[in-house]
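Novice: One structure is given below, represented as structure tokens, and several questions about it will come after.
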Amino acid sequence: MVAPALPFGERLLAWFDRHGRHDLPWQHPRSAYRVWISEIMLQQTRVETVVPYFGAFMERFPDVAALARAEPDEVLHHWAGLGYYARARNLQRAARVIVERHEGVLPPEHAALESLPGIGRSTAAAILAQAYGQRAPILDGNVRRVLARHAAVEGWPGAPRVQARLWEIADRRMPELRPADYTQAIMDLGATVCTRHAPACDRCPVADDCAAFAQGRVEDLPTPRPSKALPVRTRWAGMVQSPDGIYLERRPSSGIWGGLYSLPEAEDPDAIRVWVASRWSDAREGIRASARIGHSFSHYRLDLQVLRFDLPAAACGIMEGEGAIWYKPGLAIRVGLPAPIERFLNDRGNSDDGTNG
């Protein structure tokens with residue numbers, strides 16, 4: 001390796017001034033609230049996906065107070081499609097704490113931020129660095145990849161021992177000056193140059209002393225998570241449809257798709273048929289084969305088989321109320337629906353092919 005003329009942080013900042021991203025919506029203005037919302041949205045989600053959601057979210061919830069007093073259904077509606085819906089629920093819970101305990105302003109202390117729902121060590125540091133100008137190293141997915149390669153750190157970054165090592169390196173690499181720009185710079189480097197596949201090492205400002213590059217191991221690091229085949233979980237759902245809409249019910253606040261509206265589910269088809277018959281004696285099961293919705297979560301793959309039931313128009317309103325709605329595909333509705341369910345209902349739920357896998 002070539003001994004660098006400048007420290008890691010200075011080289012990264014010089015690169016950022018020329019090639020970094022300076023026009024992201026949460027940078028203008030770079031307030032604590034906007035940084036917080038963007039950081040939560042960016043967890044497990046790419047920037048290009050987040051940008052339109054962020055704009056719509058800011059338009060409806062421009063500050064902490066607006067988010068705190070909003071109806072939970074509307075918050076979930078503006079989050080639908082980003083996935084990991086606990087993030088949205090925690091956002092609103094945290095907003096209410098901020099209003100009650102911090103006069104509607106995100107606190108500029110690490111411990112206070114970490115005490116809020118949904119904010120961990122790295123997110124708190126990102127808020128402190130980018131909104132309050134404090135020296136606080138972060139360790140998101142992009143940063144872990146950059147540092148694991150630069151220091152040739154062995155082991156899966158999610159393992160506690162490896163993560164502790166990466167935190168030490170993150171702290172040593174971060175300069176005292178320009179913490180907001182440095183934080184954005186190292187995230188940008190991971191997102192645009194030190195990418196997971198086919199990294200552009202010839203354009204990297206810190207390649208001269210990158211241990212993985214020197215050892216020819218860039219593609220090997222960081223060490224992948226130990227592979228494990230996802231189990232498949234089969235569930236059955238009922239699509240109860242009248243000329244006036246499709247019956248949806250709110251899911252429990254905990255678990256997958258928590259707090260969103262979806263099709264009623266059961267463990268087997270007979271349970272769905274019994275459930276429908278107990279509520280609508282005039283329901284008729286469709287003659288078409290069951291449809292299928294496939295969706296992968298972090299720990300399993302859902303295989304959701306959908307049975308169709310038809311109702312006369314007069315039956316539609318009898319079950320509407322708390323925790324239940326009648327949904328008309330294609331019409332705006334200000335509640336949250338799981339993205340796979342919404343796609344199914346709008347795009348293929350009424351088609352004749354019987355599949356949506």
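Every chain in the structure tokens has a letter given in the order shown (A, B, ...), and although residue numbers restart at 1 in each chain, ligands are simply numbered from 1 in the order shown.
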Could you list, as a list of chain:residue names, every residue within 10 Å of A:Leu304, counting only C-alpha atoms and ignoring same-chain residues fewer than 2 positions away?
Specialist: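 What passes the distance filter is A:Arg233, A:Thr234, A:Arg235, A:Trp236, A:Ala237, A:Glu265, A:Ala266, A:Glu267, A:Ser290, A:Ala291, A:Arg292, A:Ile293, A:Gly294, A:His295, A:Arg301, A:Leu302, A:Val306, A:Leu307, A:Asn356, A:Gly357.
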Novice: Can I get the selected residues back with N, CA and C atoms, as a short mmCIF file (atom, residue, chain, number, x, y, z; two decimals), in the first residue's frame?
Specialist:
```cif
data_model
loop_
_atom_site.label_atom_id
_atom_site.label_comp_id
_atom_site.auth_asym_id
_atom_site.auth_seq_id
_atom_site.Cartn_x
_atom_site.Cartn_y
_atom_site.Cartn_z
N ARG A 233 -44.02 -19.90 4.81
CA ARG A 233 -45.20 -19.98 5.65
C ARG A 233 -46.43 -19.75 4.78
N THR A 234 -47.31 -20.73 4.73
CA THR A 234 -48.53 -20.61 3.94
C THR A 234 -49.68 -20.14 4.82
N ARG A 235 -50.38 -19.12 4.37
CA ARG A 235 -51.56 -18.61 5.05
C ARG A 235 -52.68 -18.47 4.01
N TRP A 236 -53.90 -18.35 4.50
CA TRP A 236 -55.06 -18.21 3.62
C TRP A 236 -55.77 -16.91 3.95
N ALA A 237 -56.22 -16.22 2.93
CA ALA A 237 -56.92 -14.96 3.10
C ALA A 237 -58.24 -15.00 2.34
N GLU A 265 -57.20 -13.10 7.44
CA GLU A 265 -56.37 -14.29 7.23
C GLU A 265 -56.70 -15.39 8.22
N ALA A 266 -56.32 -16.61 7.85
CA ALA A 266 -56.44 -17.77 8.73
C ALA A 266 -55.38 -18.78 8.33
N GLU A 267 -55.25 -19.82 9.15
CA GLU A 267 -54.23 -20.85 8.90
C GLU A 267 -54.61 -21.80 7.77
N SER A 290 -57.97 -20.17 -6.35
CA SER A 290 -57.44 -19.18 -5.42
C SER A 290 -56.27 -18.44 -6.06
N ALA A 291 -56.17 -17.16 -5.72
CA ALA A 291 -55.03 -16.35 -6.16
C ALA A 291 -53.90 -16.52 -5.15
N ARG A 292 -52.74 -16.03 -5.50
CA ARG A 292 -51.58 -16.21 -4.63
C ARG A 292 -50.79 -14.92 -4.55
N ILE A 293 -50.40 -14.55 -3.34
CA ILE A 293 -49.53 -13.41 -3.10
C ILE A 293 -48.27 -13.93 -2.41
N GLY A 294 -47.14 -13.72 -3.04
CA GLY A 294 -45.87 -14.12 -2.44
C GLY A 294 -45.09 -12.89 -1.98
N HIS A 295 -44.52 -12.96 -0.78
CA HIS A 295 -43.74 -11.82 -0.27
C HIS A 295 -42.70 -12.33 0.72
N ARG A 301 -40.63 -16.53 4.06
CA ARG A 301 -41.35 -16.12 2.86
C ARG A 301 -42.81 -16.47 3.04
N LEU A 302 -43.66 -15.47 2.81
CA LEU A 302 -45.10 -15.67 2.95
C LEU A 302 -45.70 -16.13 1.63
N VAL A 306 -55.39 -16.71 -1.66
CA VAL A 306 -56.54 -15.84 -1.52
C VAL A 306 -57.79 -16.49 -2.11
N LEU A 307 -58.79 -16.71 -1.26
CA LEU A 307 -60.11 -17.18 -1.72
C LEU A 307 -61.01 -15.97 -1.95
N ASN A 356 -50.76 -14.06 -8.37
CA ASN A 356 -50.11 -12.77 -8.11
C ASN A 356 -48.78 -13.02 -7.40
N GLY A 357 -48.09 -14.08 -7.79
CA GLY A 357 -46.86 -14.45 -7.11
C GLY A 357 -45.68 -13.70 -7.64
#
```
Novice: Run DSSP on the backbone and give me the residues of stretch 92-163 of chain A it puts in alpha helix (DSSP H), as a PDB file with N, CA and C atoms, in the first residue's frame.
Specialist:
```
ATOM      1  N   GLN A  92     -43.966   8.068  15.018  1.00  0.00           N
ATOM      2  CA  GLN A  92     -45.015   8.845  15.667  1.00  0.00           C
ATOM      3  C   GLN A  92     -44.923   8.763  17.180  1.00  0.00           C
ATOM      4  N   ARG A  93     -44.572   7.585  17.692  1.00  0.00           N
ATOM      5  CA  ARG A  93     -44.388   7.476  19.142  1.00  0.00           C
ATOM      6  C   ARG A  93     -43.293   8.430  19.613  1.00  0.00           C
ATOM      7  N   ALA A  94     -42.188   8.471  18.868  1.00  0.00           N
ATOM      8  CA  ALA A  94     -41.089   9.360  19.238  1.00  0.00           C
ATOM      9  C   ALA A  94     -41.510  10.821  19.130  1.00  0.00           C
ATOM     10  N   ALA A  95     -42.279  11.163  18.082  1.00  0.00           N
ATOM     11  CA  ALA A  95     -42.721  12.542  17.907  1.00  0.00           C
ATOM     12  C   ALA A  95     -43.540  12.999  19.105  1.00  0.00           C
ATOM     13  N   ARG A  96     -44.372  12.125  19.615  1.00  0.00           N
ATOM     14  CA  ARG A  96     -45.197  12.499  20.767  1.00  0.00           C
ATOM     15  C   ARG A  96     -44.345  12.685  22.022  1.00  0.00           C
ATOM     16  N   VAL A  97     -43.312  11.865  22.176  1.00  0.00           N
ATOM     17  CA  VAL A  97     -42.394  12.051  23.302  1.00  0.00           C
ATOM     18  C   VAL A  97     -41.641  13.374  23.166  1.00  0.00           C
ATOM     19  N   ILE A  98     -41.218  13.688  21.940  1.00  0.00           N
ATOM     20  CA  ILE A  98     -40.472  14.936  21.702  1.00  0.00           C
ATOM     21  C   ILE A  98     -41.337  16.146  22.041  1.00  0.00           C
ATOM     22  N   VAL A  99     -42.612  16.084  21.685  1.00  0.00           N
ATOM     23  CA  VAL A  99     -43.524  17.188  22.005  1.00  0.00           C
ATOM     24  C   VAL A  99     -43.738  17.289  23.509  1.00  0.00           C
ATOM     25  N   GLU A 100     -43.924  16.145  24.164  1.00  0.00           N
ATOM     26  CA  GLU A 100     -44.239  16.140  25.590  1.00  0.00           C
ATOM     27  C   GLU A 100     -43.034  16.488  26.467  1.00  0.00           C
ATOM     28  N   ARG A 101     -41.836  16.020  26.075  1.00  0.00           N
ATOM     29  CA  ARG A 101     -40.678  16.149  26.968  1.00  0.00           C
ATOM     30  C   ARG A 101     -39.614  17.125  26.486  1.00  0.00           C
ATOM     31  N   HIS A 102     -39.625  17.446  25.184  1.00  0.00           N
ATOM     32  CA  HIS A 102     -38.548  18.272  24.628  1.00  0.00           C
ATOM     33  C   HIS A 102     -39.062  19.486  23.866  1.00  0.00           C
ATOM     34  N   HIS A 110     -26.819  12.691  22.760  1.00  0.00           N
ATOM     35  CA  HIS A 110     -26.856  11.326  22.252  1.00  0.00           C
ATOM     36  C   HIS A 110     -27.775  10.441  23.086  1.00  0.00           C
ATOM     37  N   ALA A 111     -27.631  10.487  24.425  1.00  0.00           N
ATOM     38  CA  ALA A 111     -28.431   9.611  25.277  1.00  0.00           C
ATOM     39  C   ALA A 111     -29.917   9.922  25.148  1.00  0.00           C
ATOM     40  N   ALA A 112     -30.262  11.203  25.059  1.00  0.00           N
ATOM     41  CA  ALA A 112     -31.664  11.583  24.928  1.00  0.00           C
ATOM     42  C   ALA A 112     -32.239  11.103  23.601  1.00  0.00           C
ATOM     43  N   LEU A 113     -31.476  11.211  22.535  1.00  0.00           N
ATOM     44  CA  LEU A 113     -31.942  10.724  21.242  1.00  0.00           C
ATOM     45  C   LEU A 113     -32.128   9.210  21.253  1.00  0.00           C
ATOM     46  N   GLU A 114     -31.163   8.498  21.807  1.00  0.00           N
ATOM     47  CA  GLU A 114     -31.254   7.032  21.833  1.00  0.00           C
ATOM     48  C   GLU A 114     -32.400   6.533  22.694  1.00  0.00           C
ATOM     49  N   ARG A 121     -28.001   3.868  18.022  1.00  0.00           N
ATOM     50  CA  ARG A 121     -26.742   4.594  18.140  1.00  0.00           C
ATOM     51  C   ARG A 121     -26.362   5.313  16.855  1.00  0.00           C
ATOM     52  N   SER A 122     -26.466   4.638  15.716  1.00  0.00           N
ATOM     53  CA  SER A 122     -26.044   5.238  14.459  1.00  0.00           C
ATOM     54  C   SER A 122     -26.997   6.347  14.021  1.00  0.00           C
ATOM     55  N   THR A 123     -28.302   6.132  14.168  1.00  0.00           N
ATOM     56  CA  THR A 123     -29.264   7.168  13.789  1.00  0.00           C
ATOM     57  C   THR A 123     -29.092   8.401  14.659  1.00  0.00           C
ATOM     58  N   ALA A 124     -28.894   8.208  15.959  1.00  0.00           N
ATOM     59  CA  ALA A 124     -28.662   9.346  16.850  1.00  0.00           C
ATOM     60  C   ALA A 124     -27.417  10.113  16.424  1.00  0.00           C
ATOM     61  N   ALA A 125     -26.363   9.387  16.072  1.00  0.00           N
ATOM     62  CA  ALA A 125     -25.127  10.046  15.643  1.00  0.00           C
ATOM     63  C   ALA A 125     -25.329  10.821  14.347  1.00  0.00           C
ATOM     64  N   ALA A 126     -26.107  10.262  13.423  1.00  0.00           N
ATOM     65  CA  ALA A 126     -26.363  10.956  12.157  1.00  0.00           C
ATOM     66  C   ALA A 126     -27.091  12.276  12.401  1.00  0.00           C
ATOM     67  N   ILE A 127     -28.045  12.278  13.320  1.00  0.00           N
ATOM     68  CA  ILE A 127     -28.764  13.515  13.645  1.00  0.00           C
ATOM     69  C   ILE A 127     -27.817  14.531  14.277  1.00  0.00           C
ATOM     70  N   LEU A 128     -26.999  14.070  15.218  1.00  0.00           N
ATOM     71  CA  LEU A 128     -26.070  14.979  15.896  1.00  0.00           C
ATOM     72  C   LEU A 128     -25.063  15.574  14.921  1.00  0.00           C
ATOM     73  N   ALA A 129     -24.531  14.741  14.028  1.00  0.00           N
ATOM     74  CA  ALA A 129     -23.502  15.207  13.095  1.00  0.00           C
ATOM     75  C   ALA A 129     -24.085  16.128  12.034  1.00  0.00           C
ATOM     76  N   GLN A 130     -25.207  15.709  11.443  1.00  0.00           N
ATOM     77  CA  GLN A 130     -25.716  16.445  10.294  1.00  0.00           C
ATOM     78  C   GLN A 130     -26.572  17.655  10.671  1.00  0.00           C
ATOM     79  N   ALA A 131     -27.284  17.579  11.776  1.00  0.00           N
ATOM     80  CA  ALA A 131     -28.160  18.692  12.149  1.00  0.00           C
ATOM     81  C   ALA A 131     -27.538  19.614  13.188  1.00  0.00           C
ATOM     82  N   TYR A 132     -26.708  19.039  14.090  1.00  0.00           N
ATOM     83  CA  TYR A 132     -26.152  19.842  15.177  1.00  0.00           C
ATOM     84  C   TYR A 132     -24.644  20.047  15.070  1.00  0.00           C
ATOM     85  N   GLY A 141     -25.244   0.754   6.911  1.00  0.00           N
ATOM     86  CA  GLY A 141     -24.793  -0.316   6.030  1.00  0.00           C
ATOM     87  C   GLY A 141     -23.695   0.106   5.078  1.00  0.00           C
ATOM     88  N   ASN A 142     -23.811   1.279   4.478  1.00  0.00           N
ATOM     89  CA  ASN A 142     -22.781   1.756   3.563  1.00  0.00           C
ATOM     90  C   ASN A 142     -21.462   1.994   4.277  1.00  0.00           C
ATOM     91  N   VAL A 143     -21.529   2.583   5.464  1.00  0.00           N
ATOM     92  CA  VAL A 143     -20.306   2.887   6.221  1.00  0.00           C
ATOM     93  C   VAL A 143     -19.630   1.602   6.678  1.00  0.00           C
ATOM     94  N   ARG A 144     -20.395   0.629   7.111  1.00  0.00           N
ATOM     95  CA  ARG A 144     -19.804  -0.661   7.504  1.00  0.00           C
ATOM     96  C   ARG A 144     -19.016  -1.267   6.351  1.00  0.00           C
ATOM     97  N   ARG A 145     -19.588  -1.180   5.144  1.00  0.00           N
ATOM     98  CA  ARG A 145     -18.903  -1.763   3.991  1.00  0.00           C
ATOM     99  C   ARG A 145     -17.597  -1.025   3.695  1.00  0.00           C
ATOM    100  N   VAL A 146     -17.624   0.310   3.718  1.00  0.00           N
ATOM    101  CA  VAL A 146     -16.418   1.091   3.463  1.00  0.00           C
ATOM    102  C   VAL A 146     -15.330   0.756   4.476  1.00  0.00           C
ATOM    103  N   LEU A 147     -15.680   0.752   5.743  1.00  0.00           N
ATOM    104  CA  LEU A 147     -14.679   0.546   6.789  1.00  0.00           C
ATOM    105  C   LEU A 147     -14.194  -0.900   6.846  1.00  0.00           C
ATOM    106  N   ALA A 148     -15.099  -1.850   6.624  1.00  0.00           N
ATOM    107  CA  ALA A 148     -14.686  -3.252   6.629  1.00  0.00           C
ATOM    108  C   ALA A 148     -13.668  -3.519   5.529  1.00  0.00           C
ATOM    109  N   ARG A 149     -13.838  -2.882   4.380  1.00  0.00           N
ATOM    110  CA  ARG A 149     -12.877  -3.043   3.287  1.00  0.00           C
ATOM    111  C   ARG A 149     -11.588  -2.264   3.556  1.00  0.00           C
ATOM    112  N   HIS A 150     -11.738  -1.036   3.990  1.00  0.00           N
ATOM    113  CA  HIS A 150     -10.539  -0.202   4.164  1.00  0.00           C
ATOM    114  C   HIS A 150      -9.603  -0.789   5.209  1.00  0.00           C
ATOM    115  N   PRO A 160     -21.558  -9.087  17.125  1.00  0.00           N
ATOM    116  CA  PRO A 160     -21.169  -8.074  18.120  1.00  0.00           C
ATOM    117  C   PRO A 160     -19.684  -7.756  18.139  1.00  0.00           C
ATOM    118  N   ARG A 161     -18.841  -8.760  18.052  1.00  0.00           N
ATOM    119  CA  ARG A 161     -17.394  -8.505  18.106  1.00  0.00           C
ATOM    120  C   ARG A 161     -16.938  -7.689  16.901  1.00  0.00           C
ATOM    121  N   VAL A 162     -17.432  -8.044  15.728  1.00  0.00           N
ATOM    122  CA  VAL A 162     -17.053  -7.324  14.513  1.00  0.00           C
ATOM    123  C   VAL A 162     -17.620  -5.904  14.543  1.00  0.00           C
ATOM    124  N   GLN A 163     -18.846  -5.769  15.003  1.00  0.00           N
ATOM    125  CA  GLN A 163     -19.456  -4.446  15.067  1.00  0.00           C
ATOM    126  C   GLN A 163     -18.693  -3.525  16.018  1.00  0.00           C
TER     127      GLN A 163
END
```
Novice: If I take atom CA of A:Ala88 and atom CA of A:Leu76, how far is one from the other in Å, to one decimal?
Specialist: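 Separation of atom CA of A:Ala88 and atom CA of A:Leu76: 6.4 Å.
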Novice: Which residues in stretch 139-345 of chain A does DSSP call strand (DSSP E)? List them as number ranges by chain.
Specialist: A: 232-242, 245-250, 261-262, 265-266, 284-285, 291-296, 301-310, 324-327
Novice: Would you mind exporting the chosen residues as a short mmCIF file (atom, residue, chain, number, x, y, z; two decimals), in the first residue's frame, restricted to N, CA and C atoms?
Specialist:
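The resulting file, part.cif, is shown below:
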```
data_model
loop_
_atom_site.label_atom_id
_atom_site.label_comp_id
_atom_site.auth_asym_id
_atom_site.auth_seq_id
_atom_site.Cartn_x
_atom_site.Cartn_y
_atom_site.Cartn_z
N VAL A 232 -40.87 -21.23 4.29
CA VAL A 232 -42.09 -20.73 3.64
C VAL A 232 -43.26 -20.95 4.59
N ARG A 233 -44.02 -19.90 4.81
CA ARG A 233 -45.20 -19.98 5.65
C ARG A 233 -46.43 -19.75 4.78
N THR A 234 -47.31 -20.73 4.73
CA THR A 234 -48.53 -20.61 3.94
C THR A 234 -49.68 -20.14 4.82
N ARG A 235 -50.38 -19.12 4.37
CA ARG A 235 -51.56 -18.61 5.05
C ARG A 235 -52.68 -18.47 4.01
N TRP A 236 -53.90 -18.35 4.50
CA TRP A 236 -55.06 -18.21 3.62
C TRP A 236 -55.77 -16.91 3.95
N ALA A 237 -56.22 -16.22 2.93
CA ALA A 237 -56.92 -14.96 3.10
C ALA A 237 -58.24 -15.00 2.34
N GLY A 238 -59.18 -14.18 2.79
CA GLY A 238 -60.47 -14.08 2.12
C GLY A 238 -60.65 -12.70 1.51
N MET A 239 -60.91 -12.65 0.21
CA MET A 239 -61.23 -11.39 -0.45
C MET A 239 -62.75 -11.33 -0.61
N VAL A 240 -63.39 -10.65 0.33
CA VAL A 240 -64.84 -10.52 0.34
C VAL A 240 -65.20 -9.26 -0.42
N GLN A 241 -65.90 -9.43 -1.55
CA GLN A 241 -66.12 -8.31 -2.46
C GLN A 241 -67.60 -8.16 -2.79
N SER A 242 -68.05 -6.91 -2.68
CA SER A 242 -69.39 -6.57 -3.15
C SER A 242 -69.22 -5.54 -4.27
N GLY A 245 -67.19 -2.53 -2.83
CA GLY A 245 -65.85 -2.53 -2.27
C GLY A 245 -65.39 -3.90 -1.82
N ILE A 246 -64.15 -3.94 -1.32
CA ILE A 246 -63.52 -5.16 -0.80
C ILE A 246 -63.29 -4.96 0.69
N TYR A 247 -63.67 -5.95 1.47
CA TYR A 247 -63.57 -5.85 2.92
C TYR A 247 -62.11 -6.00 3.37
N LEU A 248 -61.64 -5.02 4.15
CA LEU A 248 -60.31 -5.07 4.75
C LEU A 248 -60.44 -4.81 6.24
N GLU A 249 -59.55 -5.40 7.03
CA GLU A 249 -59.56 -5.15 8.46
C GLU A 249 -58.17 -4.79 8.94
N ARG A 250 -58.15 -4.03 10.03
CA ARG A 250 -56.86 -3.58 10.57
C ARG A 250 -56.16 -4.74 11.27
N TYR A 261 -54.20 -2.04 7.09
CA TYR A 261 -55.43 -2.72 6.69
C TYR A 261 -55.10 -3.77 5.64
N SER A 262 -55.68 -4.97 5.81
CA SER A 262 -55.38 -6.06 4.90
C SER A 262 -56.56 -7.01 4.83
N GLU A 265 -57.20 -13.10 7.44
CA GLU A 265 -56.37 -14.29 7.23
C GLU A 265 -56.70 -15.39 8.22
N ALA A 266 -56.32 -16.61 7.85
CA ALA A 266 -56.44 -17.77 8.73
C ALA A 266 -55.38 -18.78 8.33
N ARG A 284 -71.01 -15.83 -1.50
CA ARG A 284 -70.83 -16.96 -2.42
C ARG A 284 -69.36 -17.03 -2.83
N GLU A 285 -68.78 -18.21 -2.65
CA GLU A 285 -67.36 -18.36 -3.01
C GLU A 285 -67.20 -18.36 -4.51
N ALA A 291 -56.17 -17.16 -5.72
CA ALA A 291 -55.03 -16.35 -6.16
C ALA A 291 -53.90 -16.52 -5.15
N ARG A 292 -52.74 -16.03 -5.50
CA ARG A 292 -51.58 -16.21 -4.63
C ARG A 292 -50.79 -14.92 -4.55
N ILE A 293 -50.40 -14.55 -3.34
CA ILE A 293 -49.53 -13.41 -3.10
C ILE A 293 -48.27 -13.93 -2.41
N GLY A 294 -47.14 -13.72 -3.04
CA GLY A 294 -45.87 -14.12 -2.44
C GLY A 294 -45.09 -12.89 -1.98
N HIS A 295 -44.52 -12.96 -0.78
CA HIS A 295 -43.74 -11.82 -0.27
C HIS A 295 -42.70 -12.33 0.72
N SER A 296 -41.47 -11.83 0.59
CA SER A 296 -40.38 -12.26 1.47
C SER A 296 -40.17 -11.25 2.59
N ARG A 301 -40.63 -16.53 4.06
CA ARG A 301 -41.35 -16.12 2.86
C ARG A 301 -42.81 -16.47 3.04
N LEU A 302 -43.66 -15.47 2.81
CA LEU A 302 -45.10 -15.67 2.95
C LEU A 302 -45.70 -16.13 1.63
N ASP A 303 -46.46 -17.21 1.69
CA ASP A 303 -47.23 -17.69 0.55
C ASP A 303 -48.70 -17.54 0.94
N LEU A 304 -49.32 -16.46 0.49
CA LEU A 304 -50.69 -16.14 0.90
C LEU A 304 -51.66 -16.55 -0.21
N GLN A 305 -52.49 -17.54 0.08
CA GLN A 305 -53.50 -18.01 -0.86
C GLN A 305 -54.80 -17.25 -0.61
N VAL A 306 -55.39 -16.71 -1.66
CA VAL A 306 -56.54 -15.84 -1.52
C VAL A 306 -57.79 -16.49 -2.11
N LEU A 307 -58.79 -16.71 -1.26
CA LEU A 307 -60.11 -17.18 -1.72
C LEU A 307 -61.01 -15.97 -1.95
N ARG A 308 -61.82 -16.03 -3.00
CA ARG A 308 -62.68 -14.91 -3.35
C ARG A 308 -64.13 -15.23 -2.95
N PHE A 309 -64.79 -14.21 -2.41
CA PHE A 309 -66.21 -14.35 -2.03
C PHE A 309 -66.96 -13.12 -2.54
N ASP A 310 -68.14 -13.35 -3.10
CA ASP A 310 -68.96 -12.27 -3.65
C ASP A 310 -70.16 -12.01 -2.74
N ALA A 324 -62.36 -1.77 10.46
CA ALA A 324 -62.76 -2.41 9.21
C ALA A 324 -63.16 -1.34 8.20
N ILE A 325 -62.82 -1.57 6.93
CA ILE A 325 -63.18 -0.64 5.86
C ILE A 325 -63.59 -1.45 4.63
N TRP A 326 -64.29 -0.77 3.73
CA TRP A 326 -64.57 -1.32 2.40
C TRP A 326 -63.73 -0.52 1.42
N TYR A 327 -62.88 -1.20 0.72
CA TYR A 327 -61.86 -0.57 -0.13
C TYR A 327 -62.22 -0.71 -1.59
#
```
